[in-house]
$ cat entry08.txt   # compact mmCIF, C-alpha atoms and all ligand atoms
# COMPACT_ATOMS: atom_id res chain seq x y z
CA MET A 23 0.00 0.00 0.00
CA ILE A 24 0.99 3.64 -0.48
CA ASP A 25 0.57 6.23 2.27
CA LEU A 26 0.43 9.75 0.80
CA HIS A 27 0.13 11.73 4.04
CA THR A 28 2.62 11.44 6.92
CA HIS A 29 4.68 13.58 9.26
CA ILE A 30 7.48 11.04 9.41
CA LEU A 31 10.35 13.52 8.90
CA HIS A 32 12.15 14.02 12.18
CA GLU A 33 12.62 17.28 14.09
CA PHE A 34 10.71 19.24 11.51
CA ASP A 35 7.08 19.86 12.49
CA ASP A 36 4.67 18.27 14.99
CA GLY A 37 5.54 14.83 13.56
CA ALA A 38 8.44 12.55 14.48
CA GLN A 39 10.46 14.16 17.25
CA SER A 40 13.73 12.29 16.53
CA LEU A 41 15.36 10.15 13.88
CA ALA A 42 14.70 7.14 16.13
CA ALA A 43 10.97 7.99 16.16
CA ALA A 44 11.00 8.38 12.36
CA LEU A 45 12.57 4.93 12.05
CA GLU A 46 9.96 3.53 14.43
CA ILE A 47 7.27 4.90 12.10
CA ALA A 48 9.06 3.42 9.08
CA GLN A 49 9.12 -0.03 10.74
CA ALA A 50 5.49 0.26 11.78
CA ALA A 51 4.53 1.30 8.23
CA LEU A 52 6.17 -1.79 6.77
CA ALA A 53 4.52 -4.00 9.38
CA ASN A 54 1.24 -2.36 8.42
CA GLY A 55 1.66 -3.35 4.77
CA ILE A 56 2.86 0.03 3.51
CA THR A 57 5.76 0.04 1.03
CA VAL A 58 5.74 3.69 -0.11
CA VAL A 59 5.46 6.67 2.24
CA ALA A 60 5.14 10.30 1.21
CA THR A 61 6.85 12.63 3.66
CA THR A 62 4.47 15.57 3.89
CA PRO A 63 5.39 18.02 6.66
CA HIS A 64 3.26 21.12 7.11
CA GLY A 65 4.56 23.90 4.88
CA ARG A 66 3.46 27.46 4.21
CA ALA A 67 4.29 29.92 1.45
CA ILE A 68 5.69 32.30 4.07
CA PRO A 69 6.58 30.15 7.09
CA PRO A 70 5.65 31.75 10.43
CA ALA A 71 8.38 32.42 13.02
CA ASN A 72 7.66 29.19 14.92
CA SER A 73 8.03 27.00 11.81
CA ARG A 74 11.24 25.27 10.74
CA TYR A 75 9.85 24.74 7.27
CA SER A 76 12.11 25.20 4.28
CA VAL A 77 12.62 22.97 1.27
CA ALA A 78 16.36 22.86 2.03
CA LEU A 79 15.75 21.45 5.53
CA LEU A 80 13.05 19.12 4.20
CA ARG A 81 15.52 17.67 1.70
CA GLU A 82 18.17 17.34 4.42
CA ARG A 83 15.85 15.44 6.78
CA PHE A 84 14.58 13.34 3.87
CA ALA A 85 18.14 12.31 2.95
CA GLU A 86 18.99 11.51 6.60
CA LEU A 87 15.89 9.35 7.00
CA GLN A 88 16.40 7.62 3.68
CA ALA A 89 20.00 6.76 4.62
CA ALA A 90 18.87 5.44 8.03
CA ILE A 91 16.13 3.33 6.41
CA ARG A 92 18.67 1.82 4.03
CA ALA A 93 21.17 1.23 6.83
CA GLU A 94 18.49 -0.71 8.71
CA GLY A 95 17.77 -2.74 5.58
CA LEU A 96 14.12 -1.63 5.44
CA ALA A 97 12.38 -1.91 2.06
CA LEU A 98 10.42 1.30 2.42
CA GLU A 99 10.39 3.86 -0.37
CA LEU A 100 10.08 7.56 0.49
CA VAL A 101 8.61 10.27 -1.73
CA ALA A 102 9.08 13.92 -0.77
CA GLY A 103 6.16 16.34 -0.60
CA THR A 104 4.62 19.15 1.44
CA GLU A 105 1.27 19.35 3.18
CA ILE A 106 0.57 22.76 1.72
CA TYR A 107 -1.42 25.25 3.75
CA GLY A 108 -4.11 26.73 1.52
CA GLU A 109 -3.60 30.47 1.23
CA ALA A 110 -3.36 33.05 -1.52
CA GLN A 111 0.45 32.97 -1.96
CA ALA A 112 0.72 29.17 -2.12
CA VAL A 113 0.59 28.75 -5.92
CA ASP A 114 3.43 31.25 -6.41
CA ALA A 115 5.48 29.59 -3.67
CA LEU A 116 4.91 26.19 -5.27
CA GLN A 117 5.97 27.46 -8.68
CA ALA A 118 9.05 29.05 -7.11
CA GLY A 119 10.01 25.72 -5.51
CA ARG A 120 9.36 26.81 -1.90
CA LEU A 121 6.64 24.16 -1.53
CA LEU A 122 6.70 20.67 -3.03
CA THR A 123 4.40 18.51 -5.08
CA TYR A 124 4.63 14.74 -4.58
CA GLY A 125 7.99 13.61 -5.97
CA THR A 126 8.25 14.61 -9.61
CA SER A 127 4.46 14.74 -10.14
CA ARG A 128 2.08 17.67 -10.64
CA ALA A 129 0.00 16.47 -7.67
CA LEU A 130 0.04 18.14 -4.28
CA LEU A 131 -1.43 17.65 -0.83
CA LEU A 132 -3.47 20.65 0.31
CA GLU A 133 -4.89 21.44 3.74
CA PHE A 134 -7.02 24.31 4.98
CA PRO A 135 -7.76 25.84 8.34
CA LEU A 136 -10.73 23.83 9.63
CA GLU A 137 -13.07 26.82 9.69
CA ILE A 138 -12.52 27.87 6.06
CA SER A 139 -15.65 28.66 4.05
CA ARG A 140 -16.70 26.51 1.13
CA GLN A 141 -16.22 29.43 -1.27
CA ALA A 142 -12.71 30.24 -0.07
CA ALA A 143 -11.70 26.57 -0.25
CA ALA A 144 -13.11 26.24 -3.77
CA GLU A 145 -11.27 29.38 -4.97
CA LEU A 146 -7.95 28.25 -3.53
CA ILE A 147 -8.28 24.77 -5.04
CA PHE A 148 -9.22 26.28 -8.39
CA GLY A 149 -6.10 28.49 -8.25
CA PHE A 150 -3.91 25.37 -8.20
CA GLN A 151 -5.94 23.65 -10.89
CA VAL A 152 -5.74 26.52 -13.37
CA ALA A 153 -1.96 26.44 -12.82
CA ASN A 154 -2.17 22.80 -13.96
CA TYR A 155 -1.70 21.07 -10.63
CA ARG A 156 -3.68 18.07 -9.40
CA VAL A 157 -5.05 18.73 -5.94
CA VAL A 158 -5.38 16.08 -3.24
CA LEU A 159 -7.43 17.57 -0.41
CA ALA A 160 -6.20 16.40 3.00
CA HIS A 161 -8.83 15.11 5.43
CA PRO A 162 -12.02 16.65 3.95
CA GLU A 163 -13.99 15.04 6.80
CA ARG A 164 -12.53 17.57 9.25
CA TYR A 165 -13.59 20.84 7.63
CA ARG A 166 -16.53 22.68 9.08
CA PHE A 167 -18.16 23.31 5.70
CA VAL A 168 -18.05 19.57 4.92
CA ARG A 169 -19.47 18.59 8.30
CA HIS A 170 -22.20 21.14 7.78
CA ASP A 171 -22.97 19.85 4.27
CA PRO A 172 -20.88 16.99 2.84
CA ASN A 173 -22.45 17.51 -0.59
CA THR A 174 -20.32 20.66 -0.95
CA LEU A 175 -17.51 18.25 -1.92
CA ILE A 176 -19.34 17.25 -5.11
CA PRO A 177 -18.49 20.32 -7.24
CA LEU A 178 -14.87 20.06 -6.07
CA ILE A 179 -14.74 16.39 -7.10
CA GLU A 180 -16.36 17.22 -10.43
CA ARG A 181 -13.41 19.52 -11.10
CA GLY A 182 -10.98 16.69 -10.41
CA THR A 183 -10.09 17.33 -6.77
CA LEU A 184 -9.10 14.09 -5.07
CA MET A 185 -10.30 13.51 -1.52
CA GLN A 186 -7.95 11.96 1.05
CA LEU A 187 -9.80 10.42 3.97
CA THR A 188 -7.74 9.82 7.11
CA SER A 189 -7.51 6.16 8.09
CA GLY A 190 -8.21 6.90 11.77
CA ALA A 191 -11.51 8.57 10.85
CA LEU A 192 -12.68 5.40 9.14
CA THR A 193 -11.48 2.96 11.81
CA GLY A 194 -13.22 4.84 14.63
CA ARG A 195 -9.99 5.97 16.32
CA GLN A 196 -11.19 9.56 15.97
CA GLY A 197 -14.59 8.84 17.51
CA ASP A 198 -18.04 7.71 16.42
CA GLN A 199 -19.12 10.97 14.84
CA MET A 200 -16.03 11.14 12.63
CA GLN A 201 -16.45 7.48 11.69
CA ARG A 202 -20.06 8.06 10.65
CA MET A 203 -18.97 10.93 8.41
CA ALA A 204 -16.08 8.88 6.99
CA LYS A 205 -18.38 5.99 6.10
CA LEU A 206 -20.96 8.31 4.57
CA LEU A 207 -18.35 9.94 2.34
CA LEU A 208 -17.00 6.54 1.33
CA ARG A 209 -20.41 5.05 0.53
CA HIS A 210 -21.25 8.07 -1.60
CA SER A 211 -18.07 7.90 -3.70
CA MET A 212 -16.58 11.05 -2.22
CA VAL A 213 -13.30 9.45 -1.10
CA HIS A 214 -10.44 8.68 -3.49
CA ILE A 215 -7.53 7.70 -1.26
CA LEU A 216 -6.92 6.63 2.33
CA ALA A 217 -3.81 7.91 4.13
CA THR A 218 -2.67 7.83 7.74
CA ASP A 219 -1.55 11.39 8.61
CA THR A 220 0.85 9.61 10.97
CA HIS A 221 2.54 11.97 13.43
CA GLY A 222 4.49 9.46 15.50
CA PRO A 223 4.73 7.66 18.80
CA HIS A 224 4.64 10.85 20.92
CA LEU A 225 1.05 11.50 19.77
CA ARG A 226 0.19 7.79 19.44
CA ARG A 227 -0.58 8.38 15.79
CA MET A 228 1.09 5.47 14.06
CA PRO A 229 0.40 3.85 10.67
CA ASP A 230 -3.05 2.20 10.58
CA LEU A 231 -3.72 1.93 6.86
CA ALA A 232 -4.27 -1.85 7.00
CA GLU A 233 -7.07 -1.38 9.54
CA ALA A 234 -8.74 1.32 7.41
CA HIS A 235 -8.26 -0.82 4.29
CA ALA A 236 -10.13 -3.63 6.09
CA VAL A 237 -13.05 -1.35 7.05
CA ALA A 238 -13.25 -0.01 3.48
CA GLY A 239 -13.18 -3.56 2.14
CA GLU A 240 -16.04 -4.66 4.41
CA LEU A 241 -18.08 -1.65 3.44
CA MET A 242 -17.37 -1.37 -0.29
CA GLY A 243 -15.52 -4.53 -1.38
CA ALA A 244 -11.91 -5.49 -1.91
CA ASP A 245 -11.54 -3.79 -5.29
CA LEU A 246 -12.42 -0.37 -3.95
CA ALA A 247 -10.20 -0.86 -0.88
CA ALA A 248 -7.28 -1.61 -3.21
CA ARG A 249 -8.07 1.46 -5.28
CA LEU A 250 -8.03 3.67 -2.19
CA THR A 251 -4.74 2.41 -0.79
CA GLN A 252 -2.76 1.34 -3.85
CA HIS A 253 -3.99 2.07 -7.38
CA THR A 254 -5.14 5.68 -7.02
CA PRO A 255 -2.15 6.75 -4.88
CA ALA A 256 0.15 5.16 -7.50
CA ALA A 257 -1.66 7.03 -10.28
CA ILE A 258 -1.27 10.27 -8.32
CA LEU A 259 2.50 9.78 -8.01
CA ALA A 260 2.73 8.92 -11.73
CA ASP A 261 0.48 11.76 -12.99
CA ALA A 262 -1.60 9.01 -14.59
CA PRO A 263 -5.28 9.45 -15.47
CA ILE A 264 -7.73 8.52 -12.72
CA ASP A 265 -11.28 7.51 -13.42
CA LEU A 266 -13.28 9.11 -10.63
CA PRO A 267 -16.59 7.49 -9.73
CA THR A 268 -19.57 9.85 -9.86
CA PRO A 269 -20.29 11.09 -6.33
CA GLU A 270 -23.82 10.46 -5.10
CA PRO A 271 -25.49 13.22 -3.12
CA ILE A 272 -26.11 12.41 0.55
CA ARG A 273 -29.66 12.98 1.73
CA ARG A 274 -30.64 14.80 4.88
CA TRP A 275 -33.46 13.74 7.16
CA PHE A 276 -34.45 15.74 10.27
CA GLY A 277 -31.01 17.27 10.48
CA PHE A 278 -29.09 14.01 9.99
CA TRP A 279 -27.10 12.99 6.95
CA TYR A 280 -27.76 9.42 5.98
CA SER A 281 -27.09 6.82 3.31
CA SER A 282 -29.85 6.14 0.86
FE FE B 1 -1.13 16.25 8.11
$ encode --input "entry08.txt" --output "structure tokens"
Amino acid sequence: MIDLHTHILHEFDDGAQSLAAALEIAQAALANGITVVATTPHGRAIPPANSRYSVALLRERFAELQAAIRAEGLALELVAGTEIYGEAQAVDALQAGRLLTYGTSRALLLEFPLEISRQAAAELIFGFQVANYRVVLAHPERYRFVRHDPNTLIPLIERGTLMQLTSGALTGRQGDQMQRMAKLLLRHSMVHILATDTHGPHLRRMPDLAEAHAVAGELMGADLAARLTQHTPAAILADAPIDLPTPEPIRRWFGFWYSS
């Protein structure tokens, strides 16, 4: 399986706090059935004073971790990227090389502040798309506008935005309410990949893609589970075409979203 969202790089953001912790994540990823991990630390166009983010430091940590993984004889492949904070200057920063797409692809991982409006999110996503980037939206299940009305994802999906559901939302690790939303989005074809958003042992957020893969398989069948954890992530890294299923609107009944 391929995990396109992790904070495995050590001493960089709120992810792995040491190289030893990063290696612990790498071992846990392999044990979890993951063979490719994207390293996606939080990055902003203009990093705030409390951020260590720079592409130079990202590349340095990446090289250190890759060397350590090889020295341990672990068969885990790393792909560099940034979890890009959605803001007006981000497209310019990406084009200038201050933020990263996944590896050599035109695809990027984008996150927003949780309270962002639907309109602002749509405009920022569109800004990347008109610059010919493929947008993977990190954890759509967490945004207020999605929790308020999950169908707001449909026009974004229709424009080719890929939705990354967090494995812990689907397994129930993030609570019942989040799991209900995760399952609803999945059943209604509004999820395109699963990823762990692993932060490391200090936050007890370790790789759990196999568990989420199993829940997705029970709910939607083995083929879809494989698409979410292997085929679509591979297509993202390769800039290959992806056939997106048509999302089905979720109906609302007395204030509750439910599956038809
Ligand atoms: Fe993240």
$ residues_near_ligand --input "entry08.txt" --ligand "ligand FE 1 (chain B)" --cutoff "12 Å" --atoms "only C-alpha atoms and all ligand atoms" --output "ChimeraX atom specification"
/A:25-31,35-37,60-65,103-107,131-135,159-162,164,186-189,217-222,227
$ closest_residue --input "entry08.txt" --among "A:Leu225, A:Ala142, A:Val113, A:Leu241" --to "A:Lys205" --atoms "all atoms listed in the file"
A:Leu241
$ residues_around --input "entry08.txt" --residues "A:Leu178" --least-positions-apart "3" --cutoff "10 Å" --atoms "all atoms listed in the file" --output "list in words"
Arg140, Ala143, Ala144, Ile147, Phe148, Val157, Leu159, Asn173, Thr174, Leu175, Arg181, Gly182, Thr183, Leu184, Met185 and Met212 of chain A
$ closest_atom_pairs --input "entry08.txt" --of "stretch 97-186 of chain A" --to "stretch 68-72 of chain A" --cutoff "12 Å" --atoms "all atoms listed in the file" --output "CSV"
residue,atom,partner,partner_atom,distance
A:Ile106,CA,A:Pro69,CA,10.9
A:Tyr107,CA,A:Pro69,CA,10.0
A:Gly108,CA,A:Ile68,CA,11.6
A:Glu109,CA,A:Ile68,CA,9.9
A:Ala110,CA,A:Ile68,CA,10.7
A:Gln111,CA,A:Ile68,CA,8.0
A:Ala112,CA,A:Ile68,CA,8.5
A:Val113,CA,A:Ile68,CA,11.8
A:Asp114,CA,A:Ile68,CA,10.8
A:Ala115,CA,A:Ile68,CA,8.2
A:Leu116,CA,A:Ile68,CA,11.2
A:Arg120,CA,A:Ile68,CA,8.9
A:Leu121,CA,A:Ile68,CA,9.9
$ closest_residue --input "entry08.txt" --among "A:Gly149, A:Gly190, A:Pro172, A:Pro223" --to "A:Ala48" --atoms "only C-alpha atoms"
A:Pro223
$ closest_residue --input "entry08.txt" --among "A:Ile24, A:Leu45, A:Ala50, A:Ala248" --to "A:Met228" --atoms "all atoms listed in the file"
A:Ala50
$ closest_residue --input "entry08.txt" --among "A:Leu146, A:Ala97, A:Leu207, A:Met23" --to "A:Pro271" --atoms "all atoms listed in the file"
A:Leu207
$ atom_distance --input "entry08.txt" --atom1 "atom CA of A:Thr254" --atom2 "atom CA of A:Ala232"
15.9 Å
$ decode --input "entry08.txt" --residues "stretch 68-80 of chain A" --atoms "all heavy atoms" --output "CSV table (one decimal), in the first residue's frame"
chain,number,residue,atom,x,y,z
A,68,ILE,N,4.8,31.5,3.3
A,68,ILE,CA,5.7,32.3,4.1
A,68,ILE,C,5.6,31.7,5.5
A,68,ILE,O,4.7,31.9,6.2
A,68,ILE,CB,5.2,33.8,4.1
A,68,ILE,CG1,5.1,34.3,2.6
A,68,ILE,CG2,6.1,34.6,5.0
A,68,ILE,CD1,4.3,35.5,2.4
A,69,PRO,N,6.6,30.9,5.8
A,69,PRO,CA,6.6,30.2,7.1
A,69,PRO,C,6.6,31.1,8.3
A,69,PRO,O,7.3,32.1,8.3
A,69,PRO,CB,7.9,29.3,7.1
A,69,PRO,CG,8.3,29.2,5.7
A,69,PRO,CD,7.8,30.5,5.0
A,70,PRO,N,5.7,30.9,9.2
A,70,PRO,CA,5.7,31.8,10.4
A,70,PRO,C,6.9,31.5,11.3
A,70,PRO,O,7.7,30.6,11.1
A,70,PRO,CB,4.4,31.3,11.2
A,70,PRO,CG,4.1,29.9,10.6
A,70,PRO,CD,4.7,29.8,9.3
A,71,ALA,N,7.1,32.4,12.2
A,71,ALA,CA,8.4,32.4,13.0
A,71,ALA,C,8.6,31.1,13.7
A,71,ALA,O,9.7,30.7,13.9
A,71,ALA,CB,8.4,33.6,14.0
A,72,ASN,N,7.5,30.4,14.2
A,72,ASN,CA,7.7,29.2,14.9
A,72,ASN,C,7.8,27.9,14.0
A,72,ASN,O,7.7,26.8,14.5
A,72,ASN,CB,6.5,29.0,15.9
A,72,ASN,CG,5.2,28.9,15.2
A,72,ASN,OD1,5.1,28.9,13.9
A,72,ASN,ND2,4.1,28.6,15.9
A,73,SER,N,7.9,28.1,12.7
A,73,SER,CA,8.0,27.0,11.8
A,73,SER,C,9.5,26.8,11.4
A,73,SER,O,10.2,27.8,11.1
A,73,SER,CB,7.1,27.2,10.6
A,73,SER,OG,7.4,26.3,9.6
A,74,ARG,N,9.9,25.5,11.3
A,74,ARG,CA,11.2,25.3,10.7
A,74,ARG,C,11.2,25.1,9.2
A,74,ARG,O,12.2,24.7,8.6
A,74,ARG,CB,11.8,24.0,11.3
A,74,ARG,CG,12.0,24.0,12.8
A,74,ARG,CD,12.5,22.6,13.2
A,74,ARG,NE,12.7,22.6,14.7
A,74,ARG,CZ,12.4,21.6,15.4
A,74,ARG,NH1,11.9,20.5,14.9
A,74,ARG,NH2,12.5,21.7,16.7
A,75,TYR,N,10.0,25.2,8.7
A,75,TYR,CA,9.8,24.7,7.3
A,75,TYR,C,10.7,25.5,6.3
A,75,TYR,O,10.8,26.7,6.2
A,75,TYR,CB,8.4,24.9,6.8
A,75,TYR,CG,8.2,24.4,5.4
A,75,TYR,CD1,8.0,23.1,5.1
A,75,TYR,CD2,8.3,25.3,4.3
A,75,TYR,CE1,7.9,22.6,3.8
A,75,TYR,CE2,8.2,24.8,3.0
A,75,TYR,CZ,8.0,23.5,2.8
A,75,TYR,OH,7.9,23.0,1.5
A,76,SER,N,11.5,24.7,5.5
A,76,SER,CA,12.1,25.2,4.3
A,76,SER,C,12.3,24.0,3.4
A,76,SER,O,12.5,22.9,4.0
A,76,SER,CB,13.4,25.9,4.6
A,76,SER,OG,14.4,25.0,4.9
A,77,VAL,N,12.4,24.1,2.1
A,77,VAL,CA,12.6,23.0,1.3
A,77,VAL,C,14.0,22.4,1.5
A,77,VAL,O,14.2,21.2,1.5
A,77,VAL,CB,12.4,23.3,-0.2
A,77,VAL,CG1,12.9,22.3,-1.1
A,77,VAL,CG2,10.9,23.5,-0.5
A,78,ALA,N,15.0,23.3,1.8
A,78,ALA,CA,16.4,22.9,2.0
A,78,ALA,C,16.4,21.9,3.2
A,78,ALA,O,17.0,20.8,3.2
A,78,ALA,CB,17.3,24.1,2.2
A,79,LEU,N,15.7,22.3,4.3
A,79,LEU,CA,15.8,21.5,5.5
A,79,LEU,C,14.9,20.2,5.3
A,79,LEU,O,15.3,19.1,5.7
A,79,LEU,CB,15.2,22.2,6.7
A,79,LEU,CG,15.3,21.4,8.1
A,79,LEU,CD1,16.8,21.2,8.4
A,79,LEU,CD2,14.6,22.2,9.2
A,80,LEU,N,13.9,20.3,4.5
A,80,LEU,CA,13.1,19.1,4.2
A,80,LEU,C,13.9,18.1,3.5
A,80,LEU,O,13.9,16.9,3.8
A,80,LEU,CB,11.8,19.6,3.4
A,80,LEU,CG,10.7,18.6,3.2
A,80,LEU,CD1,9.4,19.3,2.7
A,80,LEU,CD2,11.0,17.5,2.2
